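Asker: What follows is the file my_file.cif, containing mmCIF, C-alpha atoms:
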```cif
data_work
loop_
_atom_site.label_atom_id
_atom_site.label_comp_id
_atom_site.auth_asym_id
_atom_site.auth_seq_id
_atom_site.Cartn_x
_atom_site.Cartn_y
_atom_site.Cartn_z
CA MET L 1 66.67 132.73 101.50
CA ASN L 2 66.93 128.95 101.75
CA PRO L 3 70.48 127.50 101.86
CA PRO L 4 71.57 125.69 98.67
CA LYS L 5 70.72 122.00 98.50
CA LYS L 6 73.61 119.80 99.50
CA TYR L 7 74.91 117.04 97.24
CA LYS L 8 73.84 113.88 99.11
CA ILE L 9 76.16 110.88 99.17
CA ILE L 10 75.28 107.53 100.72
CA LEU L 11 78.36 105.70 102.03
CA VAL L 12 77.83 101.95 102.19
CA ALA L 13 79.61 99.59 104.58
CA GLY L 14 78.81 95.95 105.14
CA ALA L 15 81.79 94.39 106.90
CA ARG L 16 84.34 95.42 109.49
CA PRO L 17 87.17 96.30 107.00
CA ASN L 18 84.71 98.57 105.16
CA PHE L 19 84.43 100.79 108.23
CA MET L 20 88.19 101.27 108.42
CA LYS L 21 87.99 102.61 104.86
CA ILE L 22 84.82 104.65 105.43
CA ALA L 23 85.98 106.25 108.71
CA PRO L 24 88.47 108.76 107.23
CA LEU L 25 85.88 109.81 104.64
CA MET L 26 83.15 110.27 107.25
CA ASN L 27 85.49 112.44 109.30
CA ALA L 28 86.44 114.51 106.24
CA LEU L 29 82.78 114.98 105.27
CA LYS L 30 81.59 115.97 108.76
CA ASP L 31 79.69 119.29 108.66
CA HIS L 32 80.75 119.85 105.04
CA SER L 33 79.21 122.92 103.44
CA THR L 34 78.16 121.33 100.14
CA LEU L 35 78.31 117.55 100.65
CA GLU L 36 75.99 115.57 102.92
CA ALA L 37 77.08 112.07 103.93
CA ILE L 38 74.71 109.33 105.08
CA LEU L 39 76.32 106.17 106.45
CA VAL L 40 74.43 102.95 105.72
CA HIS L 41 75.45 99.72 107.44
CA THR L 42 73.95 96.77 105.60
CA GLY L 43 74.48 94.48 108.58
CA GLN L 44 76.15 91.89 106.36
CA HIS L 45 78.68 91.16 109.12
CA TYR L 46 77.97 91.80 112.77
CA ASP L 47 79.87 91.31 115.98
CA GLU L 48 79.66 92.78 119.45
CA LYS L 49 83.18 94.19 119.35
CA MET L 50 82.31 96.25 116.31
CA SER L 51 78.90 97.44 117.49
CA HIS L 52 80.06 98.63 120.91
CA SER L 53 83.60 99.94 120.49
CA PHE L 54 84.43 100.04 116.81
CA PHE L 55 82.68 103.30 115.96
CA ASP L 56 84.04 105.02 119.07
CA GLN L 57 87.60 103.92 118.31
CA LEU L 58 87.37 105.07 114.69
CA ASN L 59 85.77 108.33 115.82
CA ILE L 60 82.77 108.07 113.51
CA PRO L 61 79.07 108.29 114.33
CA LYS L 62 77.05 105.11 114.36
CA PRO L 63 75.35 104.51 111.00
CA GLN L 64 72.21 106.54 110.42
CA ILE L 65 70.69 103.49 108.72
CA ASN L 66 71.25 99.80 109.52
CA LEU L 67 69.64 97.32 107.16
CA GLU L 68 70.34 94.40 109.54
CA VAL L 69 70.35 91.81 106.75
CA GLY L 70 72.39 89.27 108.70
CA SER L 71 74.07 86.17 107.34
CA GLY L 72 72.89 83.76 104.66
CA SER L 73 73.96 82.32 101.32
CA HIS L 74 75.49 84.75 98.83
CA ALA L 75 72.26 84.88 96.83
CA THR L 76 70.02 85.30 99.89
CA GLN L 77 72.20 87.96 101.45
CA THR L 78 72.59 89.90 98.20
CA ALA L 79 68.84 89.81 97.57
CA ARG L 80 68.05 91.07 101.09
CA ILE L 81 70.52 93.92 100.76
CA MET L 82 69.14 94.95 97.37
CA GLU L 83 65.54 94.92 98.57
CA LYS L 84 66.26 96.97 101.69
CA PHE L 85 68.73 99.33 100.06
CA GLU L 86 66.29 100.15 97.26
CA ALA L 87 63.85 101.44 99.89
CA VAL L 88 66.65 103.61 101.35
CA CYS L 89 67.39 105.10 97.93
CA PHE L 90 63.71 105.92 97.40
CA SER L 91 63.44 107.63 100.78
CA GLU L 92 66.79 109.45 100.80
CA GLU L 93 67.06 110.30 97.08
CA PRO L 94 70.87 110.44 97.05
CA ASP L 95 72.90 112.01 94.26
CA MET L 96 75.61 109.37 94.61
CA VAL L 97 76.19 106.00 96.27
CA LEU L 98 79.80 105.37 97.31
CA VAL L 99 80.72 101.74 97.92
CA VAL L 100 84.01 100.34 99.17
CA GLY L 101 85.83 97.05 98.84
CA ASP L 102 84.44 93.83 97.47
CA VAL L 103 81.84 92.32 99.82
CA ASN L 104 78.30 91.35 98.82
CA SER L 105 77.06 94.75 100.02
CA THR L 106 79.39 96.44 97.52
CA ALA L 107 77.92 94.68 94.50
CA ALA L 108 74.32 94.68 95.75
CA CYS L 109 74.12 98.40 96.50
CA SER L 110 75.91 99.27 93.24
CA LEU L 111 73.30 97.31 91.29
CA VAL L 112 70.43 99.04 93.05
CA ALA L 113 71.88 102.52 92.54
CA SER L 114 72.79 101.93 88.91
CA LYS L 115 69.29 100.71 88.03
CA LEU L 116 67.81 103.77 89.73
CA HIS L 117 70.15 106.00 87.67
CA ILE L 118 72.07 107.14 90.76
CA LYS L 119 75.79 107.76 90.25
CA VAL L 120 78.01 105.01 91.68
CA CYS L 121 81.50 105.66 93.04
CA HIS L 122 83.66 102.64 93.84
CA TYR L 123 86.56 103.13 96.20
CA GLU L 124 89.17 100.36 95.84
CA ALA L 125 88.14 99.81 92.23
CA GLY L 126 90.24 97.78 89.82
CA LEU L 127 91.73 95.24 92.22
CA ARG L 128 91.92 91.83 90.55
CA SER L 129 93.08 88.44 91.80
CA ARG L 130 92.19 86.72 88.49
CA ASP L 131 90.60 83.97 90.62
CA ARG L 132 86.87 83.69 90.01
CA ASN L 133 86.56 81.00 92.65
CA MET L 134 86.72 83.86 95.15
CA PRO L 135 83.29 85.47 95.64
CA GLU L 136 85.05 88.78 96.23
CA GLU L 137 86.45 88.69 92.69
CA ILE L 138 82.94 88.35 91.26
CA ASN L 139 81.80 91.30 93.39
CA ARG L 140 84.71 93.41 92.10
CA LEU L 141 83.94 92.63 88.47
CA VAL L 142 80.21 93.25 88.83
CA THR L 143 80.69 96.52 90.69
CA ASP L 144 83.27 97.93 88.30
CA ALA L 145 81.09 97.04 85.30
CA ILE L 146 78.42 99.53 86.45
CA THR L 147 80.47 102.16 88.31
CA ASP L 148 80.62 105.79 87.16
CA LEU L 149 83.55 107.10 89.21
CA PHE L 150 86.52 104.85 90.00
CA ILE L 151 88.92 105.48 92.90
CA THR L 152 91.94 103.18 92.96
CA THR L 153 94.62 102.55 95.56
CA SER L 154 97.48 101.66 93.21
CA ALA L 155 98.66 102.00 89.63
CA ASP L 156 98.06 98.33 88.78
CA ALA L 157 94.37 98.70 89.72
CA SER L 158 94.05 101.68 87.39
CA GLU L 159 95.73 99.68 84.61
CA ASN L 160 93.30 96.80 85.15
CA LEU L 161 90.35 99.12 84.63
CA ILE L 162 91.82 100.67 81.48
CA SER L 163 92.41 97.18 80.05
CA GLU L 164 88.71 96.46 80.71
CA GLY L 165 87.65 99.48 78.67
CA ILE L 166 87.13 102.10 81.37
CA LEU L 167 87.91 105.65 80.24
CA PRO L 168 91.07 106.96 81.98
CA GLU L 169 89.37 110.26 82.86
CA ASN L 170 86.97 108.35 85.13
CA ILE L 171 89.80 106.68 87.07
CA HIS L 172 91.55 108.41 89.96
CA MET L 173 94.43 106.86 91.91
CA LEU L 174 94.17 108.63 95.26
CA GLY L 175 95.73 106.30 97.81
CA ASN L 176 94.65 103.94 100.54
CA LEU L 177 91.99 104.85 103.12
CA MET L 178 92.91 101.81 105.22
CA ILE L 179 96.32 103.42 105.71
CA ASP L 180 94.62 106.73 106.63
CA SER L 181 92.92 104.91 109.52
CA LEU L 182 96.13 103.15 110.49
CA VAL L 183 98.22 106.35 110.50
CA SER L 184 95.69 108.32 112.51
CA HIS L 185 95.28 105.58 115.15
CA LEU L 186 98.76 104.08 115.41
CA GLY L 187 99.91 106.35 118.23
CA LEU L 188 96.80 105.68 120.28
CA ALA L 189 97.06 101.95 119.62
CA SER L 190 100.63 101.89 120.91
CA THR L 191 99.43 103.09 124.33
CA GLN L 192 96.53 100.64 124.46
CA LYS L 193 96.36 98.46 127.58
CA LEU L 194 95.48 94.97 126.44
CA ASN L 195 92.81 93.04 128.29
CA LEU L 196 92.09 90.12 126.01
CA HIS L 197 90.07 86.95 126.48
CA ASP L 198 90.36 83.51 124.97
CA VAL L 199 87.58 81.85 122.99
CA THR L 200 85.93 80.59 126.18
CA GLY L 201 85.84 84.07 127.72
CA ASN L 202 88.69 83.60 130.19
CA SER L 203 91.38 86.25 130.58
CA LEU L 204 94.31 85.66 128.23
CA ASP L 205 97.80 85.88 129.74
CA LEU L 206 100.07 87.79 127.36
CA SER L 207 102.56 88.83 130.04
CA TRP L 208 105.34 87.20 127.98
CA ARG L 209 105.06 90.04 125.42
CA THR L 210 108.12 92.25 125.68
CA LYS L 211 110.05 94.37 123.18
CA THR L 212 112.59 91.57 122.84
CA THR L 213 110.08 88.74 122.37
CA PRO L 214 109.23 88.23 118.70
CA TYR L 215 105.80 86.80 117.99
CA ALA L 216 103.51 86.19 115.01
CA MET L 217 99.99 87.48 114.43
CA MET L 218 97.71 85.17 112.49
CA THR L 219 94.28 85.40 110.79
CA PHE L 220 92.52 82.73 108.72
CA HIS L 221 88.99 82.53 107.35
CA ARG L 222 89.05 81.78 103.59
CA PRO L 223 86.74 78.87 102.69
CA SER L 224 89.47 77.42 100.43
CA ASN L 225 91.71 77.12 103.49
CA VAL L 226 89.39 76.22 106.35
CA ASP L 227 86.29 74.54 104.92
CA GLU L 228 87.83 71.19 103.92
CA GLU L 229 89.27 68.79 106.47
CA ASP L 230 92.44 67.92 104.51
CA SER L 231 93.49 71.53 103.95
CA LEU L 232 92.64 72.54 107.51
CA ARG L 233 94.60 69.60 108.91
CA ILE L 234 97.68 70.74 106.96
CA LEU L 235 97.26 74.24 108.34
CA VAL L 236 96.96 73.03 111.94
CA GLU L 237 100.17 71.02 111.66
CA GLU L 238 102.01 73.98 110.13
CA TRP L 239 100.70 76.32 112.82
CA LEU L 240 101.88 73.95 115.54
CA LYS L 241 105.37 73.69 114.04
CA THR L 242 105.59 77.46 113.58
CA ALA L 243 104.58 78.01 117.20
CA GLU L 244 107.81 76.23 118.17
CA LEU L 245 109.69 79.11 116.53
CA MET L 246 107.77 81.90 118.26
CA PRO L 247 104.47 82.52 120.04
CA ILE L 248 101.42 83.00 117.80
CA ILE L 249 98.48 85.26 118.66
CA PHE L 250 95.46 84.05 116.72
CA PRO L 251 92.21 86.11 116.76
CA ILE L 252 90.12 83.28 115.43
CA HIS L 253 87.27 83.84 112.99
CA PRO L 254 83.97 82.14 113.98
CA ARG L 255 83.99 80.23 110.69
CA THR L 256 87.47 78.84 111.37
CA LEU L 257 86.64 77.96 114.96
CA GLY L 258 83.52 76.12 113.83
CA ARG L 259 85.39 74.09 111.23
CA LEU L 260 88.17 73.20 113.68
CA LYS L 261 85.60 71.82 116.09
CA HIS L 262 83.61 70.09 113.34
CA PHE L 263 86.70 68.23 112.11
CA GLU L 264 87.84 67.53 115.70
CA LEU L 265 91.04 69.54 115.22
CA PHE L 266 90.44 72.12 117.91
CA ASP L 267 91.96 70.06 120.73
CA ARG L 268 95.00 69.41 118.56
CA LEU L 269 95.46 73.13 118.04
CA ILE L 270 95.13 74.11 121.68
CA SER L 271 97.62 71.39 122.67
CA SER L 272 100.28 74.04 121.97
CA SER L 273 101.08 76.33 124.87
CA ASN L 274 102.53 78.81 122.37
CA ILE L 275 99.33 79.50 120.38
CA PHE L 276 97.09 82.11 121.99
CA LEU L 277 93.54 82.06 120.64
CA THR L 278 91.42 85.16 121.15
CA GLY L 279 87.90 86.13 120.23
CA PRO L 280 87.16 89.12 117.94
CA LEU L 281 89.44 92.07 118.68
CA ALA L 282 88.63 95.77 118.82
CA TYR L 283 90.42 97.82 116.16
CA LEU L 284 93.00 99.42 118.47
CA ASP L 285 93.85 96.08 120.12
CA PHE L 286 94.33 94.45 116.74
CA LEU L 287 96.41 97.35 115.41
CA LYS L 288 98.66 97.31 118.48
CA LEU L 289 99.28 93.57 118.20
CA VAL L 290 99.98 93.70 114.45
CA SER L 291 102.26 96.74 114.66
CA GLU L 292 104.38 95.15 117.40
CA SER L 293 104.60 91.70 115.77
CA ALA L 294 107.61 90.24 113.98
CA LEU L 295 105.54 88.35 111.40
CA VAL L 296 101.96 88.12 110.12
CA ILE L 297 100.51 84.89 108.70
CA THR L 298 97.14 85.34 107.01
CA ASP L 299 94.73 84.64 104.18
CA SER L 300 93.00 88.03 104.53
CA GLY L 301 93.15 91.02 102.19
CA GLY L 302 93.47 94.30 104.05
CA ILE L 303 96.17 93.13 106.44
CA GLN L 304 98.48 92.68 103.45
CA GLU L 305 98.27 96.46 103.01
CA GLU L 306 98.68 97.28 106.69
CA THR L 307 101.80 95.15 107.03
CA THR L 308 103.24 96.74 103.88
CA TYR L 309 102.90 100.19 105.47
CA LEU L 310 104.28 98.89 108.79
CA LYS L 311 107.12 97.09 106.96
CA ILE L 312 106.35 93.83 108.75
CA PRO L 313 106.88 90.53 106.86
CA CYS L 314 103.56 89.03 105.79
CA LEU L 315 102.97 85.46 104.58
CA THR L 316 99.69 85.28 102.67
CA VAL L 317 98.45 81.71 102.35
CA ARG L 318 96.68 82.02 99.02
CA PRO L 319 97.55 81.22 95.39
CA THR L 320 96.73 84.76 94.24
CA THR L 321 96.22 88.25 95.64
CA GLU L 322 94.18 91.20 94.38
CA ARG L 323 96.83 93.41 96.00
CA PRO L 324 100.00 92.50 94.06
CA ILE L 325 101.59 95.86 94.86
CA THR L 326 102.09 94.55 98.42
CA ILE L 327 104.40 91.94 96.86
CA TRP L 328 106.14 94.14 94.28
CA GLU L 329 106.82 97.01 96.65
CA GLY L 330 106.00 95.70 100.09
CA SER L 331 106.61 92.98 102.63
CA ASN L 332 104.08 90.42 101.39
CA GLN L 333 104.71 86.91 100.02
CA LEU L 334 102.23 84.39 98.60
CA ILE L 335 102.87 80.89 99.92
CA HIS L 336 101.33 77.41 99.94
CA PRO L 337 99.86 76.11 103.21
CA GLU L 338 102.52 73.42 103.60
CA ASN L 339 105.27 76.06 103.49
CA ILE L 340 104.17 78.15 106.47
CA PHE L 341 106.77 76.76 108.86
CA THR L 342 109.64 76.82 106.34
CA LYS L 343 108.94 80.41 105.24
CA SER L 344 108.44 81.57 108.82
CA LYS L 345 111.78 80.05 109.79
CA GLN L 346 113.50 81.79 106.87
CA ILE L 347 112.12 85.15 107.97
CA THR L 348 113.38 84.67 111.53
CA GLU L 349 116.86 83.94 110.20
CA ILE L 350 117.34 86.93 107.87
CA PRO L 351 118.10 90.56 108.83
CA LYS L 352 115.18 93.00 108.89
CA VAL L 353 114.46 94.41 105.41
CA ASP L 354 113.43 98.03 104.80
CA TYR L 355 110.49 97.47 102.45
CA GLU L 356 108.96 100.15 100.21
CA VAL L 357 105.62 101.86 100.84
CA PRO L 358 103.46 102.47 97.72
CA LYS L 359 102.67 105.95 96.43
CA TYR L 360 99.94 107.86 98.31
CA TRP L 361 99.90 105.35 101.18
CA GLU L 362 100.80 108.06 103.67
CA GLY L 363 97.52 108.92 105.39
CA GLN L 364 96.11 111.74 103.21
CA SER L 365 93.82 109.79 100.87
CA ALA L 366 90.57 111.07 102.39
CA THR L 367 91.57 114.67 101.61
CA ARG L 368 92.28 113.79 97.97
CA ILE L 369 88.99 111.89 97.66
CA LEU L 370 87.05 114.75 99.22
CA ASN L 371 88.56 117.16 96.66
CA LEU L 372 87.51 114.79 93.88
CA LEU L 373 83.93 114.50 95.16
CA GLN L 374 83.65 118.29 95.46
CA SER L 375 84.78 118.81 91.87
CA TYR L 376 82.66 115.93 90.57
#
```
Take the structure in this file and express it as structure tokens.
Answerer:
Amino acid sequence: MNPPKKYKIILVAGARPNFMKIAPLMNALKDHSTLEAILVHTGQHYDEKMSHSFFDQLNIPKPQINLEVGSGSHATQTARIMEKFEAVCFSEEPDMVLVVGDVNSTAACSLVASKLHIKVCHYEAGLRSRDRNMPEEINRLVTDAITDLFITTSADASENLISEGILPENIHMLGNLMIDSLVSHLGLASTQKLNLHDVTGNSLDLSWRTKTTPYAMMTFHRPSNVDEEDSLRILVEEWLKTAELMPIIFPIHPRTLGRLKHFELFDRLISSSNIFLTGPLAYLDFLKLVSESALVITDSGGIQEETTYLKIPCLTVRPTTERPITIWEGSNQLIHPENIFTKSKQITEIPKVDYEVPKYWEGQSATRILNLLQSY
């Protein structure tokens, strides 16, 4: 007798943060008796650190399918993903496509699946910044408009979906997969021996790092912050002043590095002996540095959640966030670029605060999601 046909789910990832969300699910679905998982990497974002060490560190197999779409304008990239992903759906005939986050791959693959009458599940559904100047906000809205099964990370995200007309029975608040990855790797990260390089490839001396030396971790890549000379110049001056308070470790995004050089601000930035620029970091290296930092300064999304779990103060240099729970319950603050130094100084002068951790952000989200997929 032939074994029963498995329910086939394609898991889509397009950018590095997607894999941190996908990894716990892939591990939970490994050798499952009734669910078959196929990991598709659209190739929207690519870097050597991810391709060589990222999958090993997250303990997931390399994607069975890589669309290798590469970079391009939003329209070009989305079109390439849709064209190539449609062919995957025809060949694999999945029962469901599960997308995560809010990158172009999320919206593109949701559109393809929906038009082929394949069920769409969106993990991290319902997040809203209310800022349509952010391409990620458009991707969130498009994806949630055609999703069948909604998995949210917080109560406010569920409320957003209900206010948009989604039936409550299709919405499931099951926690945060990013925190699953963090919890399962934090111990290993703490033992990691750092061997980092600067942006020119030379070994980076971080011997000053001790348990009694506070330092800041910093990430910046948002176009609204780094694409215009005036805004980037303000940031550079604030970074330099903040570096007088404490050392700053800055894994610099290629976009940011390119704009600094284009506007002839790079030499100004590296004039500080207290700012340590690195290239892309492997997951465990990044997690170790964040978890041992005294402060995070960023314009990114996921790190707002990680610092909330780690109870590390986070200054998010944006006018809005799609993760407001990290402000209501966590360690996150929204600030203007010109206030980086002032806010950083305030944080160094106040006693450590014991921030809250949101419900279900404890490292068991993948188990709850797996139970949902089985029953669905």
Asker: Which polymer residues have any atom within 12 Å of an atom of Ser154 of chain L, counting all atoms listed in the file, with same-chain residues fewer than 3 positions away left out, as a VMD selection string?
Answerer: chain L and resid 123 to 128 150 to 151 157 to 161 171 to 177 305 322 to 326 328 to 329 357 to 361 365
Asker: Enter the distance from atom CA of Val40 of chain L to atom CA of Pro63 of chain L, in Å, rounded to one decimal.
Answerer: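 Answer for the atom CA of Val40 of chain L to atom CA of Pro63 of chain L separation: 5.6 Å.
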Asker: Closest to Met96 of chain L among L:Asn133, L:Gln44, L:Ala155, L:Lys8, using only C-alpha atoms?
Answerer: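 The shortest atom-to-atom distance to Met96 of chain L comes from L:Lys8.
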Asker: Interatomic distance between atom CA of Asp267 of chain L and atom CA of Ser224 of chain L?
Answerer: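 It comes out at 21.7 Å.
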Asker: Given the PyMOL selection byres ((chain L and resi 188) around 12) and the file above, list the residues it selects as a list in words.
Answerer: Gln57, Leu58, Ser181, Leu182, Val183, Ser184, His185, Leu186, Gly187, Ala189, Ser190, Thr191, Gln192, Lys193, Tyr283, Leu284, Asp285, Leu287, Lys288 and Ser291 of chain L
Asker: With C-alpha atoms retained, could you export that selection as an mmCIF file, in the coordinates of the input?
Answerer:
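Heads up, here's the output in selection-v1.cif:
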```cif
data_model
loop_
_atom_site.group_PDB
_atom_site.id
_atom_site.type_symbol
_atom_site.label_atom_id
_atom_site.label_comp_id
_atom_site.auth_asym_id
_atom_site.auth_seq_id
_atom_site.Cartn_x
_atom_site.Cartn_y
_atom_site.Cartn_z
ATOM 1 C CA GLN L 57 87.600 103.920 118.310
ATOM 2 C CA LEU L 58 87.370 105.070 114.690
ATOM 3 C CA SER L 181 92.920 104.910 109.520
ATOM 4 C CA LEU L 182 96.130 103.150 110.490
ATOM 5 C CA VAL L 183 98.220 106.350 110.500
ATOM 6 C CA SER L 184 95.690 108.320 112.510
ATOM 7 C CA HIS L 185 95.280 105.580 115.150
ATOM 8 C CA LEU L 186 98.760 104.080 115.410
ATOM 9 C CA GLY L 187 99.910 106.350 118.230
ATOM 10 C CA ALA L 189 97.060 101.950 119.620
ATOM 11 C CA SER L 190 100.630 101.890 120.910
ATOM 12 C CA THR L 191 99.430 103.090 124.330
ATOM 13 C CA GLN L 192 96.530 100.640 124.460
ATOM 14 C CA LYS L 193 96.360 98.460 127.580
ATOM 15 C CA TYR L 283 90.420 97.820 116.160
ATOM 16 C CA LEU L 284 93.000 99.420 118.470
ATOM 17 C CA ASP L 285 93.850 96.080 120.120
ATOM 18 C CA LEU L 287 96.410 97.350 115.410
ATOM 19 C CA LYS L 288 98.660 97.310 118.480
ATOM 20 C CA SER L 291 102.260 96.740 114.660
#
```
Asker: Starting from the displayed file, determine the output of the PyMOL selection byres ((chain L and resi 250) around 8) and express the residue list as an mmCIF file with C-alpha atoms, in the coordinates of the input.
Answerer:
```
data_model
loop_
_atom_site.group_PDB
_atom_site.id
_atom_site.type_symbol
_atom_site.label_atom_id
_atom_site.label_comp_id
_atom_site.auth_asym_id
_atom_site.auth_seq_id
_atom_site.Cartn_x
_atom_site.Cartn_y
_atom_site.Cartn_z
ATOM 1 C CA MET L 217 99.990 87.480 114.430
ATOM 2 C CA MET L 218 97.710 85.170 112.490
ATOM 3 C CA THR L 219 94.280 85.400 110.790
ATOM 4 C CA ILE L 248 101.420 83.000 117.800
ATOM 5 C CA ILE L 249 98.480 85.260 118.660
ATOM 6 C CA PRO L 251 92.210 86.110 116.760
ATOM 7 C CA ILE L 252 90.120 83.280 115.430
ATOM 8 C CA ILE L 275 99.330 79.500 120.380
ATOM 9 C CA PHE L 276 97.090 82.110 121.990
ATOM 10 C CA LEU L 277 93.540 82.060 120.640
ATOM 11 C CA THR L 278 91.420 85.160 121.150
#
```
Asker: Give me the result of the PyMOL selection byres ((chain L and resi 98) around 10) on this file, residue by residue, as a list in words.
Answerer: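 Applying the PyMOL selection byres ((chain L and resi 98) around 10) to the structure shown produces Ile9, Ile10, Leu11, Val12, Ala13, Ile22, Ala37, Leu39, Met96, Val97, Val99, Val100, Thr106, Cys109, Ser110, Ala113, Lys119, Val120, Cys121, His122, Tyr123, Thr147, Leu149 and Phe150 of chain L.
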Asker: Between L:Lys261, L:His45, L:His32, L:Lys115, which is the closest to Pro17 of chain L once you count all atoms listed in the file?
Answerer: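 Counting all atoms listed in the file, the residue closest to Pro17 of chain L is L:His45.
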Asker: Can you tell me how far atom CA of Ile179 of chain L sits from atom CA of Val199 of chain L, in Å to one decimal?
Answerer: 29.0 Å
Asker: Skipping near chain neighbours, those fewer than 3 positions away, what residues fall within 8 Å of Ala243 of chain L using all atoms listed in the file, listed as number ranges by chain?
Answerer: L: 239-240, 246-248, 272, 274-275
Asker: Could you take the residues named above and write them with C-alpha atoms, as a tab-separated table (two decimals), keeping the file's coordinate frame?
Answerer:
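Full text of again20.tsv as output:
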```
chain	number	residue	atom	x	y	z
L	239	TRP	CA	100.70	76.32	112.82
L	240	LEU	CA	101.88	73.95	115.54
L	246	MET	CA	107.77	81.90	118.26
L	247	PRO	CA	104.47	82.52	120.04
L	248	ILE	CA	101.42	83.00	117.80
L	272	SER	CA	100.28	74.04	121.97
L	274	ASN	CA	102.53	78.81	122.37
L	275	ILE	CA	99.33	79.50	120.38
```
Asker: Point out the residue among L:Thr298, L:Glu292, L:Asp227, L:Pro351 with the least atom-to-atom distance to Phe263 of chain L, counting all atoms listed in the file.
Answerer: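 For Phe263 of chain L, the nearest of the given residues is L:Asp227.
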Asker: Which residue out of L:Leu235, L:Met134, L:Leu196, L:Ile166 has the minimum interatomic distance to Phe286 of chain L when only C-alpha atoms are used?
Answerer: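 Of L:Leu235, L:Met134, L:Leu196, L:Ile166, the one nearest Phe286 of chain L, counting only C-alpha atoms, is L:Leu196.
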Asker: Check the smallest atom-to-atom distance from each of L:Thr76, L:Ser344, L:Ser129, L:Ser71 to Ala108 of chain L using all atoms listed in the file, then report the winner.
Answerer: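 Looking at the shortest contact to Ala108 of chain L, the residue is L:Thr76.
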Asker: Taking the point (83.2, 86.2, 127.4) as given in the file, collect each protein or nucleic acid residue that comes within 12 Å of it, counting only C-alpha atoms, and present the set as a PDB file with C-alpha atoms, in the frame of the given file.
Answerer:
```pdb
ATOM      1  CA  GLU L  48      79.660  92.780 119.450  1.00  0.00           C
ATOM      2  CA  LYS L  49      83.180  94.190 119.350  1.00  0.00           C
ATOM      3  CA  ASN L 195      92.810  93.040 128.290  1.00  0.00           C
ATOM      4  CA  LEU L 196      92.090  90.120 126.010  1.00  0.00           C
ATOM      5  CA  HIS L 197      90.070  86.950 126.480  1.00  0.00           C
ATOM      6  CA  ASP L 198      90.360  83.510 124.970  1.00  0.00           C
ATOM      7  CA  VAL L 199      87.580  81.850 122.990  1.00  0.00           C
ATOM      8  CA  THR L 200      85.930  80.590 126.180  1.00  0.00           C
ATOM      9  CA  GLY L 201      85.840  84.070 127.720  1.00  0.00           C
ATOM     10  CA  ASN L 202      88.690  83.600 130.190  1.00  0.00           C
ATOM     11  CA  SER L 203      91.380  86.250 130.580  1.00  0.00           C
ATOM     12  CA  LEU L 204      94.310  85.660 128.230  1.00  0.00           C
ATOM     13  CA  THR L 278      91.420  85.160 121.150  1.00  0.00           C
ATOM     14  CA  GLY L 279      87.900  86.130 120.230  1.00  0.00           C
ATOM     15  CA  PRO L 280      87.160  89.120 117.940  1.00  0.00           C
TER      16      PRO L 280
END
```
Asker: Can you work out which one of L:Leu167, L:Gln374, L:Val353, L:Asn66 has the shortest atom-to-atom distance to Glu36 of chain L, counting all atoms listed in the file?
Answerer: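 Closest to Glu36 of chain L of all the choices is L:Gln374.
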Asker: I'd like the neighbourhood of His221 of chain L as a list in words, where a residue qualifies if any of its atoms comes within 7 Å (using only C-alpha atoms), though same-chain residues fewer than 3 positions away should be ignored.
Answerer: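 Counting only the stated atoms, we get Val226, His253, Arg255, Thr256 and Asp299 of chain L.
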Asker: For the selection just defined, write its residues with C-alpha atoms to a file, as a compact mmCIF listing (two decimals), in the coordinates of the input.
Answerer:
```
# COMPACT_ATOMS: atom_id res chain seq x y z
CA VAL L 226 89.39 76.22 106.35
CA HIS L 253 87.27 83.84 112.99
CA ARG L 255 83.99 80.23 110.69
CA THR L 256 87.47 78.84 111.37
CA ASP L 299 94.73 84.64 104.18
```
